[in-house]
Every structure is written in structure tokens, then in C-alpha cells.
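**Q** I have a structure I would like to understand better, so I am pasting it below and will then ask my questions one at a time.
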Amino acid sequence: MRNLKLVLSYDGTEFSGWQVQPEAATVQGALASAIGRVTGERVLPQGSGRTDAGVHALGQVATFATQSPIPPENLVIALNDILPSAIRVLEAAEVPAEFHARKSTLAKTYRYRMYRGAICPPFLARYVWHYPYPLDEHEIQEVAAAIVGEHDFTSFAAVDPERRREEISNVRQIFSSSWERQDDEFVYTVRGNGFLHNMVRNLVGTFLLAGKGTLKVSDLTRILETRSRSAAGATVPASGLCLVSVEY
């Protein structure tokens with residue numbers, strides 16, 4: 001039995017997220033089907049995390065066990081021949097049996113793209129959130145830095161009914177959190193040891209309050225300490241979010 005690691009990139013627009021669901025198109029479901037057709041085995045690849053409906057990925061990681069002797073480089077070609085064009089396998093490699101896409105993760109990086117121009121180009125619309133309204137971007141940059149460190153992020157987590165019972169802690173460590181102007185885009189990049197359900201989108205929605213003048217850096221400490229979802233800002237659209245990379 002071999003343990004294989006895949007690195008994937010996908011456009012999440014037409015998928016109901018990563019996790020397989022009955023009668024819904026999902027990335028995990030499409031990948032499982034393609035692996036089954038190539039190897040003749042019934043497998044359910046495990047991802048580094050469950051991206052939500054509409055969320056994209058540049059470097060999602062998945063692992064699965066197989067008895068197939070197909071070399072990794074040939075597997076990449078075979079899977080990409082079968083998978084829908086919105087999903088591409090970038091790399092495949094054999095890894096030690098104990099390696100697991102989710103459990104072995106040390107850090108992840110997410111990026112959220114906000115388009116600030118008056119008219120959003122149609123070829124960008126699937127990958128950004130168009131927000132042309134007035135914002136104090138300096139204030140947003142200031143408040144984003146305040147979440148760096150280890151905190152309980154309950155206030156920024158959506159209820160996840162499928163979360164495993166043993167995962168009772170909402171404490172996560174954020175290594176970096178910053179915004180950057182890139183021409184007409186205002187881009188948020190965050191790197192941490194893990195993220196809760198909808199956490200990045202809820203953080204962005206809260207940072208926006210600072211840009212509107214209704215939230216200060218000091219308020220973020222209060223929101224974290226409250227540990228209540230109602231204390232934080234709204235969830236921003238999925239289209240702007242992308243899983244950039246996973247570290248092991």
C-alpha cells in the first residue's frame with residue numbers, strides 16, 4: 001500500500017466546497033471519482049482542510065492510500081485527463097505512511113482579494129469581491145495586524161455541525177496578517193497554524209468595519225474576548241478567498 005500526496009489548484013466557483021456531499025458537485029467528490037477511474041479503487045482523498053462553496057485554491061493538498069503501481073508523474077497526467085478543467089493536479093508524490101494532508105499541517109496561507117475599482121473586469125469577477133465604496137484602507141491595515149499571535153477565535157467562527165468532537169479548542173496562532181494595495185486590488189494575506197470555519201471571511205468582514213470608521217484596534221481585543229460570533233463583522237463573499245499554500 002502506497003501513500004500518495006497531491007497538490008491541487010481549483011476554481012471553486014461551480015463547486016459546493018471541498019467536502020463530498022450527496023447530489024452536489026464537490027472538489028473531493030470529483031477527485032475521488034477520477035482516482036477511482038484511474039486506479040480501479042474506491043478511495044476518498046483527505047484534504048488539508050474543507051474550503052467552502054465558491055472558495056478557490058492554488059495549493060490545496062490531498063492524500064490517499066492506493067495499491068496502484070502507477071508512477072506519480074503518470075498519475076498527474078491521467079487524473080488531469082479525467083478531472084473537470086476547473087481542477088488541476090499540479091504535483092503527485094509518494095510520502096511516508098504516517099503523512100496526512102490535514103493532521104500533518106504546520107501552517108496555511110490564505111489570500112482575500114477585494115477589487116476597489118469602479119467597474120470590475122469580467123475576467124476577474126470570479127476571483128475577487130467587488131467593493132468600490134469608500135474605505136479608510138490605512139485603518140484596515142492597522143487593525144489586521146492586531147490578530148497576530150495566539151488567540152481564541154470563537155468570535156470569528158461559523159457554526160460547523162460536522163466538526164469532530166475532539167476539536168474543542170478554537171485557539172489558533174496567526175503568524176502574519178496584512179493588507180496590501182496592488183493597483184485596483186486591496187489584498188489580504190494571512191498565515192496561521194489553522195483556521196476555523198469561515199474564519200478568514202469573518203475577519204475580513206470585521207476589518208471592513210475599521211475602514212468604515214466604526215471599529216478601532218482596541219475593539220478587536222474586546223471582540224476576541226467576547227467569544228461570540230455576533231460581536232464580529234459580517235461574512236464576506238467566498239469569491240475573493242483562495243487557499244494559497246499548505247506547509248508541512
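Numbering starts fresh at 1 for the residues of each chain in the C-alpha cells, the chains themselves are lettered A, B, ... in the order given, and ligands are numbered from 1 as they appear.
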Any idea what's packed within 7 Å of Ala53 of chain A, counting only C-alpha atoms, ignoring anything in its chain fewer than 4 positions away? Could you give it as a PyMOL selection string?

**A** chain A and resi 12+15-17

**Q** Run DSSP on the backbone and grab whatever in segment 62-98 of chain A lands in strand (DSSP E or B); send it over as a list in words.

**A**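 Restricting segment 62-98 of chain A to strand (DSSP E or B) produces Ala62, Thr63, Phe64, Ala65, Thr66, Ile87, Arg88, Val89, Leu90, Glu91, Ala92, Ala93, Glu94 and Val95 of chain A.
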
**Q** So which residues touch segment 137-139 of chain A within 9 Å, counting only C-alpha atoms, skipping near sequence neighbours fewer than 4 positions away, as a list of chain:residue names?

**A**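 Result of the neighbour search: A:Val143, A:Ala144, A:Trp179, A:Arg181, A:Phe186, A:Phe207, A:Leu208, A:Ala210, A:Gly211, A:Lys212, A:Gly213, A:Lys216, A:Val217.
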
**Q** Those selected residues, please, written with all heavy atoms and delivered as a compact mmCIF listing (two decimals), in the first residue's frame.

**A**
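Output file result-v9.txt is given in full below:
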# COMPACT_ATOMS: atom_id res chain seq x y z
N VAL A 143 -5.70 47.50 11.86
CA VAL A 143 -6.46 46.56 12.68
C VAL A 143 -6.12 45.11 12.34
O VAL A 143 -6.15 44.23 13.20
CB VAL A 143 -7.97 46.84 12.56
CG1 VAL A 143 -8.55 46.31 11.26
CG2 VAL A 143 -8.72 46.24 13.75
N ALA A 144 -5.74 44.85 11.09
CA ALA A 144 -5.41 43.47 10.70
C ALA A 144 -4.21 42.94 11.46
O ALA A 144 -4.16 41.75 11.80
CB ALA A 144 -5.15 43.40 9.19
N TRP A 179 -2.59 43.64 4.87
CA TRP A 179 -3.24 44.09 3.64
C TRP A 179 -2.23 44.82 2.78
O TRP A 179 -1.34 45.49 3.29
CB TRP A 179 -4.40 45.03 3.95
CG TRP A 179 -5.61 44.38 4.55
CD1 TRP A 179 -5.81 44.10 5.87
CD2 TRP A 179 -6.79 43.97 3.86
NE1 TRP A 179 -7.04 43.52 6.05
CE2 TRP A 179 -7.67 43.43 4.82
CE3 TRP A 179 -7.19 44.01 2.52
CZ2 TRP A 179 -8.92 42.94 4.50
CZ3 TRP A 179 -8.44 43.52 2.18
CH2 TRP A 179 -9.30 42.98 3.16
N ARG A 181 -2.04 47.14 -1.08
CA ARG A 181 -2.64 47.68 -2.30
C ARG A 181 -1.87 47.15 -3.51
O ARG A 181 -0.65 47.27 -3.58
CB ARG A 181 -2.56 49.19 -2.31
CG ARG A 181 -3.87 49.94 -2.19
CD ARG A 181 -4.83 49.69 -3.32
NE ARG A 181 -6.04 50.49 -3.12
CZ ARG A 181 -6.90 50.79 -4.07
NH1 ARG A 181 -6.72 50.35 -5.29
NH2 ARG A 181 -7.97 51.49 -3.79
N PHE A 186 -7.18 45.48 -3.32
CA PHE A 186 -6.75 45.58 -1.93
C PHE A 186 -6.74 44.14 -1.43
O PHE A 186 -7.79 43.49 -1.38
CB PHE A 186 -7.74 46.44 -1.15
CG PHE A 186 -7.23 46.90 0.18
CD1 PHE A 186 -5.90 47.22 0.40
CD2 PHE A 186 -8.12 47.06 1.25
CE1 PHE A 186 -5.45 47.66 1.63
CE2 PHE A 186 -7.68 47.50 2.49
CZ PHE A 186 -6.34 47.80 2.67
N PHE A 207 -12.65 43.58 9.65
CA PHE A 207 -11.68 44.61 9.30
C PHE A 207 -12.34 45.76 8.51
O PHE A 207 -11.95 46.91 8.63
CB PHE A 207 -10.54 44.03 8.47
CG PHE A 207 -9.72 42.98 9.19
CD1 PHE A 207 -9.05 42.00 8.48
CD2 PHE A 207 -9.61 42.99 10.57
CE1 PHE A 207 -8.29 41.04 9.11
CE2 PHE A 207 -8.84 42.03 11.23
CZ PHE A 207 -8.18 41.05 10.50
N LEU A 208 -13.34 45.39 7.72
CA LEU A 208 -14.04 46.40 6.92
C LEU A 208 -14.70 47.45 7.81
O LEU A 208 -14.82 48.62 7.41
CB LEU A 208 -15.10 45.73 6.05
CG LEU A 208 -14.98 45.97 4.54
CD1 LEU A 208 -13.69 45.35 4.03
CD2 LEU A 208 -16.15 45.39 3.79
N ALA A 210 -13.46 48.71 10.39
CA ALA A 210 -12.43 49.71 10.70
C ALA A 210 -12.32 50.69 9.54
O ALA A 210 -12.14 51.90 9.75
CB ALA A 210 -11.09 49.03 10.95
N GLY A 211 -12.45 50.17 8.32
CA GLY A 211 -12.37 51.03 7.16
C GLY A 211 -13.55 51.98 7.04
O GLY A 211 -13.46 53.03 6.40
N LYS A 212 -14.66 51.61 7.69
CA LYS A 212 -15.85 52.47 7.68
C LYS A 212 -15.90 53.40 8.89
O LYS A 212 -16.85 54.18 9.05
CB LYS A 212 -17.11 51.59 7.67
CG LYS A 212 -17.26 50.75 6.41
CD LYS A 212 -18.47 49.82 6.53
CE LYS A 212 -18.62 48.95 5.30
NZ LYS A 212 -19.78 48.03 5.41
N GLY A 213 -14.91 53.27 9.78
CA GLY A 213 -14.83 54.15 10.93
C GLY A 213 -15.63 53.71 12.14
O GLY A 213 -15.79 54.48 13.09
N LYS A 216 -12.19 50.23 16.06
CA LYS A 216 -10.80 50.59 16.32
C LYS A 216 -10.00 49.35 16.69
O LYS A 216 -10.57 48.30 16.99
CB LYS A 216 -10.72 51.62 17.45
CG LYS A 216 -11.48 52.91 17.17
CD LYS A 216 -10.88 53.66 15.99
CE LYS A 216 -11.61 54.97 15.74
NZ LYS A 216 -11.11 55.65 14.51
N VAL A 217 -8.69 49.50 16.70
CA VAL A 217 -7.82 48.38 17.06
C VAL A 217 -8.18 47.85 18.44
O VAL A 217 -8.22 46.63 18.68
CB VAL A 217 -6.33 48.80 17.02
CG1 VAL A 217 -5.45 47.68 17.55
CG2 VAL A 217 -5.92 49.16 15.59

**Q** Tell me which of A:Leu224, A:Pro84, A:Gly59, A:Ile70 sits closest to Thr26 of chain A, counting only C-alpha atoms.

**A**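 Ranked by minimum distance to Thr26 of chain A, first place goes to A:Pro84.
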
**Q** Counting only C-alpha atoms, which residues of segment 87-184 of chain A fall within 10 Å of segment 237-241 of chain A, and what is the closest atom pair for each with its distance in Å at one decimal, ordered by chain and rising number, as JSON lines?

**A**
{"residue": "A:Tyr110", "atom": "CA", "partner": "A:Leu241", "partner_atom": "CA", "distance": 7.1}
{"residue": "A:Arg111", "atom": "CA", "partner": "A:Leu241", "partner_atom": "CA", "distance": 5.8}
{"residue": "A:Tyr112", "atom": "CA", "partner": "A:Leu241", "partner_atom": "CA", "distance": 4.5}
{"residue": "A:Arg113", "atom": "CA", "partner": "A:Gly240", "partner_atom": "CA", "distance": 4.8}
{"residue": "A:Met114", "atom": "CA", "partner": "A:Gly240", "partner_atom": "CA", "distance": 6.4}
{"residue": "A:Tyr115", "atom": "CA", "partner": "A:Gly240", "partner_atom": "CA", "distance": 8.8}
{"residue": "A:Leu124", "atom": "CA", "partner": "A:Gly240", "partner_atom": "CA", "distance": 9.7}
{"residue": "A:Ala125", "atom": "CA", "partner": "A:Ser239", "partner_atom": "CA", "distance": 8.0}
{"residue": "A:Arg126", "atom": "CA", "partner": "A:Ser239", "partner_atom": "CA", "distance": 5.8}
{"residue": "A:Tyr127", "atom": "CA", "partner": "A:Gly240", "partner_atom": "CA", "distance": 5.1}
{"residue": "A:Val128", "atom": "CA", "partner": "A:Gly240", "partner_atom": "CA", "distance": 3.9}
{"residue": "A:Trp129", "atom": "CA", "partner": "A:Gly240", "partner_atom": "CA", "distance": 5.0}
{"residue": "A:His130", "atom": "CA", "partner": "A:Gly240", "partner_atom": "CA", "distance": 8.6}

**Q** Would you please extract all helix (DSSP H, G or I) residues from chain A, as assigned by DSSP on the backbone, and give them as a PyMOL selection string?

**A** chain A and resi 27-39+72-82+137-147+154-156+199-211+217-226+229-231+238-240

**Q** Have a look at atom CA of Asp81 of chain A and atom CA of Ala32 of chain A and let me know their distance in Å, one decimal.

**A** 14.1 Å

**Q** Excluding Trp18 of chain A and any residue of its chain fewer than 6 positions from it, enumerate the residues within 7 Å of it, using only C-alpha atoms, and give them as a VMD selection string.

**A** chain A and resid 26 to 28 50 to 52

**Q** Distance atom CA of Gly36 of chain A-atom CA of His56 of chain A, one decimal place?

**A**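 Distance between the two atoms: 23.6 Å.
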
**Q** Need the shell around Ala107 of chain A: protein/DNA/RNA residues with any atom at most 7 Å away, counting only C-alpha atoms. Skip same-chain ones fewer than 5 positions apart. Format as a ChimeraX atom specification?

**A** /A:191-194,246-247

**Q** Excluding same-chain residues fewer than 4 positions from segment 146-159 of chain A, what lies within 12 Å of it counting only C-alpha atoms, as a PyMOL selection string?

**A** chain A and resi 52+139-142+163+168-178+190-207+216-236

**Q** Just checking: using only C-alpha atoms, which residue out of A:Ile87, A:Ser68, A:Ile77, A:Val61 ends up closest to Ala25 of chain A?

**A**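 Answer, going by the shortest atom-to-atom distance: A:Ile87.
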